[in-house]
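For reference, the structure discussed in these notes is given below.
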2 protein chains.
Amino acid sequence: MYTDCVIIGAGPAGLKAGQLLHSLGHKVCILEKEEIPGGKLNIWYELFPHNESADGILQQMLADINYPIRTSIIIDSISRNSKGFLLRDQNGDEYRSRALLIATGFKPFDARQKEEYGYGIFENVITSVELEKMFKENKITNSKGLVPKRIALIHCVGSRDIKVGSEFCSANCCITGIKQAIELKKMIPDLNIYCLYMDLRLGGRFFEDCYKDSQVHHKIQFIRGRLSETNENADQTIVLRYEDTLAGRPAKLTADMVVLLVGMQPDHSILKLLPDIDERVGSDGFFGNGRIDQADQNSDNDLFFAGSCTGPKSIIQSTDEASEVAFRVNKYLKKRLHTSIQDQYDGVWIQHP
Amino acid sequence: MYTDCVIIGAGPAGLKAGQLLHSLGHKVCILEKEEIPGGKLNIWYELFPHNESADGILQQMLADINYPIRTSIIIDSISRNSKGFLLRDQNGDEYRSRALLIATGFKPFDARQKEEYGYGIFENVITSVELEKMFKENKITNSKGLVPKRIALIHCVGSRDIKVGSEFCSANCCITGIKQAIELKKMIPDLNIYCLYMDLRLGGRFFEDCYKDSQVHHKIQFIRGRLSETNENADQTIVLRYEDTLAGRPAKLTADMVVLLVGMQPDHSILKLLPDIDERVGSDGFFGNGRIDQADQNSDNDLFFAGSCTGPKSIIQSTDEASEVAFRVNKYLKKRLHTSIQDQYDGVWIQHP
């Protein structure tokens, strides 16, 4: 397949960039490793701060797609020459493109790395991603199939944690925790919910409103505390030991269920295929350099990055960035228009080892 | 003047949208009330988190402008009919456009509203905006013309403060405070700097790195505390009384200079001119509704908003959003292309009272 731009990843950023580049007349193709498009939109039930349906947003994004999105595609190799890219997938299919846009998103932090939190050991310790699945199924139950009475949400799991090598803030977990706490409370009105946080980072628009709502209307209890460890009682309830950092003393809490708000990690699965990529990975492991002056804008660069593969972002931030990047791709492609597509794909292809 | 889109405001969002719409072949004009373009880029010296020169970024944005930017324009009236907008400025000049993009930015919180902080009363209490002016002049001195030895930076001035009617977080002050603290320390190496914060909200990319750098290399001291009031000593130094919210007790600090990190407020100066605008202002006073599903995208809406007039944003977030909005303006304008410009501007003009 000959294209102007191959986009890897059919999440919010990839879909947005695809839609925009297509609307500008470019030949676009999205390659997606999962069976369905949507990326992380498929793991959320409702989205902060307005509780919009994630699936509704996705269906809206997919409604006016009229360019190819190929799903279940595993890319085996990416080669390039001065004229563009050649990608091969696991079926041997080839995709040639003038520009390549990486929109591979993030991966949720693997909570097993925080062994002391008990994930993968105690059945009633789950992640925020698993809680979303329960929301989708409209059924919140613990390991015994019972509706929980006390739930603790743990902020910053895999974020701002030098012990697991992630010093950055994932920026979206605080508001996700508040959103999930409110959703839980709406489903189970007599539930007691405790949020253990480091700082509450609610910089997004209307996030403070959610926070206030969670306290005033839903009586969610916020504890400034850092979890030390969890243990399981005989009845499979969980004992949490933490430091109350306002009171400056150790404390204890028992819950039927513990939800770990897992952070956003860089997904490096595409990294080994990308040529000359090292200089394009930041100290935090995400792509790009996060600079304002965007040196790429005026260069001959044909490799672009958008969405949460360039750092933790909300969905709006991802699609906003994808729009900015789509303009840069457009600018690059327009510069190349004087060369014919045939010219484009002649020459020697150098495959990254 | 006949245009496809008039943009009000030549800050980062307006300039970005202008550049993009122009690149797509639309006739654009930016109207700016100040004498020079750039908006708030003109008040900053360096930008977080990479300490890029604000003026350098602005010059880069202005370098490839080849459409009109009219400065020192005060808009007297905005009329509309079903076909577009008619704007008149203070000189009687008229601008007709199919679409109107508001990119009027924010205004810094007026620190005099927090009378107990002493701004406008004590000479050595200044704002973060005034500190930037000192950076530009490369001269940090107190009211006596002396180089300060102890400076306190106060976070959240006019943010998250129900008393002044601003319950939202301005999202950019924490990192601005850290940036300014580091800049101060680089200029005055033996300076003692104290940051009084509520929560440190550092969700942006590389912000945690700045925070770490400020502590490890620059020995900035962070105090989780809420300022109660300031008083002036006979020598014009400032006494700060605050509650140490970690220790849970009142505390006191003396400084040569106090810098108030003023929040981002909605700028309503354009509001009275805009037709049917009430439904487009959020509960926080910023334009738009911050929703993901962007109902506007599929409507006949010809009035658009971008940048920090839709809520507190960093410069990258503003220009990213401006890109997304530019695509929506483009989509709208393309739909209107079948009508001639003459048709466009016929009809009855209804001026907002």
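The chains in the structure tokens are called A, B, ... from first to last as shown; in each chain the residues are counted from 1, and the ligands are counted from 1 in the order shown.
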Near A:Ile102, within 12 Å and counting only C-alpha atoms, which residues show up once chain neighbours fewer than 2 positions away are dropped, as number ranges by chain?
-> A: 5-11, 13-15, 17-18, 30-32, 78, 99-100, 104-106, 267-271, 273-274, 277, 280, 286-288, 302-310, 322, 325-326, 329
Identify all residues of stretch 32-231 of chain A in helix (DSSP H, G or I) (DSSP on the backbone) and supply them as a ChimeraX atom specification.
-> /A:39-42,54-63,111-113,115-117,128-137,162-164,173-187,207-216
Would you mind exporting C-alpha atoms of the selected residues as a PDB file, in the first residue's frame?
ATOM      1  CA  GLY A  39      -6.813   2.406  22.026  1.00  0.00           C
ATOM      2  CA  LYS A  40      -7.305   3.233  25.686  1.00  0.00           C
ATOM      3  CA  LEU A  41     -10.816   4.538  24.993  1.00  0.00           C
ATOM      4  CA  ASN A  42     -11.714   0.849  25.093  1.00  0.00           C
ATOM      5  CA  ALA A  54     -15.833   6.590  26.419  1.00  0.00           C
ATOM      6  CA  ASP A  55     -17.521   4.345  23.891  1.00  0.00           C
ATOM      7  CA  GLY A  56     -19.739   7.228  22.782  1.00  0.00           C
ATOM      8  CA  ILE A  57     -16.676   9.384  22.155  1.00  0.00           C
ATOM      9  CA  LEU A  58     -15.031   6.540  20.262  1.00  0.00           C
ATOM     10  CA  GLN A  59     -18.081   5.904  18.086  1.00  0.00           C
ATOM     11  CA  GLN A  60     -18.199   9.627  17.325  1.00  0.00           C
ATOM     12  CA  MET A  61     -14.540   9.544  16.290  1.00  0.00           C
ATOM     13  CA  LEU A  62     -15.097   6.476  14.111  1.00  0.00           C
ATOM     14  CA  ALA A  63     -18.294   7.784  12.517  1.00  0.00           C
ATOM     15  CA  ALA A 111       1.210  -2.916  39.608  1.00  0.00           C
ATOM     16  CA  ARG A 112       3.050  -6.164  40.362  1.00  0.00           C
ATOM     17  CA  GLN A 113       6.204  -4.051  40.471  1.00  0.00           C
ATOM     18  CA  GLU A 115       4.877  -6.015  45.407  1.00  0.00           C
ATOM     19  CA  GLU A 116       4.246  -4.507  48.847  1.00  0.00           C
ATOM     20  CA  TYR A 117       0.844  -3.278  47.622  1.00  0.00           C
ATOM     21  CA  SER A 128      -8.067   1.318  38.247  1.00  0.00           C
ATOM     22  CA  VAL A 129      -8.138  -0.360  34.822  1.00  0.00           C
ATOM     23  CA  GLU A 130      -9.861  -3.425  36.273  1.00  0.00           C
ATOM     24  CA  LEU A 131     -12.337  -1.218  38.110  1.00  0.00           C
ATOM     25  CA  GLU A 132     -13.325   0.309  34.766  1.00  0.00           C
ATOM     26  CA  LYS A 133     -14.147  -3.199  33.523  1.00  0.00           C
ATOM     27  CA  MET A 134     -16.434  -3.612  36.530  1.00  0.00           C
ATOM     28  CA  PHE A 135     -18.117  -0.309  35.692  1.00  0.00           C
ATOM     29  CA  LYS A 136     -18.698  -1.536  32.165  1.00  0.00           C
ATOM     30  CA  GLU A 137     -20.272  -4.712  33.526  1.00  0.00           C
ATOM     31  CA  ILE A 162      11.934   6.552  42.299  1.00  0.00           C
ATOM     32  CA  LYS A 163      11.868   2.957  43.565  1.00  0.00           C
ATOM     33  CA  VAL A 164      10.146   1.789  40.392  1.00  0.00           C
ATOM     34  CA  CYS A 173      -4.679   9.527  38.039  1.00  0.00           C
ATOM     35  CA  CYS A 174      -5.856  12.023  40.689  1.00  0.00           C
ATOM     36  CA  ILE A 175      -8.880  13.046  38.672  1.00  0.00           C
ATOM     37  CA  THR A 176      -9.431   9.429  37.587  1.00  0.00           C
ATOM     38  CA  GLY A 177      -9.498   8.425  41.255  1.00  0.00           C
ATOM     39  CA  ILE A 178     -12.044  11.119  42.067  1.00  0.00           C
ATOM     40  CA  LYS A 179     -14.146  10.160  39.048  1.00  0.00           C
ATOM     41  CA  GLN A 180     -14.056   6.490  40.044  1.00  0.00           C
ATOM     42  CA  ALA A 181     -14.848   7.280  43.680  1.00  0.00           C
ATOM     43  CA  ILE A 182     -17.952   9.217  42.626  1.00  0.00           C
ATOM     44  CA  GLU A 183     -19.014   6.477  40.209  1.00  0.00           C
ATOM     45  CA  LEU A 184     -18.615   3.873  42.968  1.00  0.00           C
ATOM     46  CA  LYS A 185     -20.623   5.961  45.382  1.00  0.00           C
ATOM     47  CA  LYS A 186     -23.404   6.399  42.844  1.00  0.00           C
ATOM     48  CA  MET A 187     -23.599   2.628  42.388  1.00  0.00           C
ATOM     49  CA  PHE A 207     -11.380  19.126  38.107  1.00  0.00           C
ATOM     50  CA  GLU A 208     -11.735  21.151  41.317  1.00  0.00           C
ATOM     51  CA  ASP A 209     -15.502  21.006  40.853  1.00  0.00           C
ATOM     52  CA  CYS A 210     -15.327  17.198  40.784  1.00  0.00           C
ATOM     53  CA  TYR A 211     -13.159  17.218  43.888  1.00  0.00           C
ATOM     54  CA  LYS A 212     -15.592  19.460  45.743  1.00  0.00           C
ATOM     55  CA  ASP A 213     -18.523  17.362  44.561  1.00  0.00           C
ATOM     56  CA  SER A 214     -16.779  14.200  45.771  1.00  0.00           C
ATOM     57  CA  GLN A 215     -16.396  15.669  49.242  1.00  0.00           C
ATOM     58  CA  VAL A 216     -19.608  17.642  49.657  1.00  0.00           C
TER      59      VAL A 216
END
Closest-contact table, chain B side, partner chain A, 6 Å, counting only C-alpha atoms, as CSV:
residue,atom,partner,partner_atom,distance
B:Phe168,CA,A:Glu208,CA,5.7
B:Cys169,CA,A:Gly203,CA,5.4
B:Ala171,CA,A:Gly203,CA,4.5
B:Asp199,CA,A:Asp199,CA,5.4
B:Arg201,CA,A:Arg201,CA,5.0
B:Gly203,CA,A:Ala171,CA,4.5
B:Glu208,CA,A:Phe168,CA,5.7
B:Leu246,CA,A:Leu246,CA,4.9
B:Asp320,CA,A:Asp320,CA,4.9
B:Glu321,CA,A:Asp320,CA,5.0
B:Ser323,CA,A:Glu324,CA,5.0
B:Glu324,CA,A:Ser323,CA,5.0
Atom pair atom CA of B:Ala234 / atom CA of B:Ile126: separation (Å) =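 About the pair atom CA of B:Ala234 and atom CA of B:Ile126: they are 18.1 Å apart.
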From stretch 62-235 of chain B, collect each residue whose DSSP state is strand (DSSP E) and return the set as a PyMOL selection string.
-> chain B and resi 69-70+75-81+84-89+94-102+106-108+125-127+150-157+192-197+221-232
Convert the current residue selection to file output with C-alpha atoms, as a short mmCIF file (atom, residue, chain, number, x, y, z; two decimals), in the first residue's frame.
data_model
loop_
_atom_site.label_atom_id
_atom_site.label_comp_id
_atom_site.auth_asym_id
_atom_site.auth_seq_id
_atom_site.Cartn_x
_atom_site.Cartn_y
_atom_site.Cartn_z
CA ILE B 69 -2.07 41.50 12.26
CA ARG B 70 -3.56 44.83 13.31
CA ILE B 75 -13.19 46.66 19.00
CA ASP B 76 -16.28 48.78 19.47
CA SER B 77 -18.93 46.41 18.23
CA ILE B 78 -19.50 42.92 16.90
CA SER B 79 -22.62 42.31 14.82
CA ARG B 80 -23.67 39.16 13.12
CA ASN B 81 -26.23 37.74 10.80
CA GLY B 84 -21.06 35.92 9.43
CA PHE B 85 -19.68 38.71 11.54
CA LEU B 86 -19.15 42.43 11.19
CA LEU B 87 -16.68 44.06 13.58
CA ARG B 88 -16.05 47.78 13.96
CA ASP B 89 -13.02 49.20 15.70
CA GLU B 94 -14.86 47.46 9.54
CA TYR B 95 -13.91 43.80 9.36
CA ARG B 96 -16.27 41.23 7.87
CA SER B 97 -15.67 37.57 8.37
CA ARG B 98 -17.36 34.24 7.91
CA ALA B 99 -16.01 32.89 11.18
CA LEU B 100 -14.82 34.54 14.36
CA LEU B 101 -12.15 33.05 16.60
CA ILE B 102 -11.76 34.44 20.11
CA PHE B 106 -6.41 35.25 30.39
CA LYS B 107 -5.73 38.10 32.74
CA PRO B 108 -3.46 37.75 35.76
CA VAL B 125 5.40 42.50 47.94
CA ILE B 126 5.38 42.01 44.18
CA THR B 127 3.71 39.64 41.72
CA ARG B 150 15.52 36.04 51.52
CA ILE B 151 12.62 35.75 49.13
CA ALA B 152 9.30 34.00 49.73
CA LEU B 153 7.23 32.81 46.79
CA ILE B 154 3.53 32.39 47.56
CA HIS B 155 1.68 29.82 45.47
CA CYS B 156 -2.04 29.86 44.63
CA VAL B 157 -2.67 33.62 44.90
CA ASN B 192 17.42 31.87 50.52
CA ILE B 193 14.16 31.02 48.81
CA TYR B 194 11.01 29.69 50.44
CA CYS B 195 8.03 28.44 48.45
CA LEU B 196 4.74 28.35 50.37
CA TYR B 197 2.42 25.94 48.59
CA GLN B 221 12.89 25.30 50.53
CA PHE B 222 9.31 24.16 50.12
CA ILE B 223 6.85 24.74 52.94
CA ARG B 224 3.36 23.30 52.79
CA GLY B 225 1.61 26.30 54.22
CA ARG B 226 -1.14 28.78 53.58
CA LEU B 227 -0.26 32.45 54.03
CA SER B 228 -2.54 34.27 56.49
CA GLU B 229 -1.15 37.79 56.29
CA THR B 230 1.92 39.92 55.76
CA ASN B 231 3.21 42.85 57.78
CA GLU B 232 6.02 45.25 57.13
#
Residue nearest A:Leu337 - candidates A:Pro37, A:Gly145, A:Val281, A:Lys83, atoms counted: only C-alpha atoms |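 With only C-alpha atoms as the atom set, the closest residue is A:Lys83.
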Rounded to one decimal place, report the atom CA of A:Asp244-atom CA of B:Arg249 distance in Å.
-> 16.3 Å
Which is closest to A:Ile121 among A:Gln19, A:Asn91, A:Ile238, A:Lys144, if we use only C-alpha atoms?
->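 The answer is A:Ile238, which sits nearest to A:Ile121.
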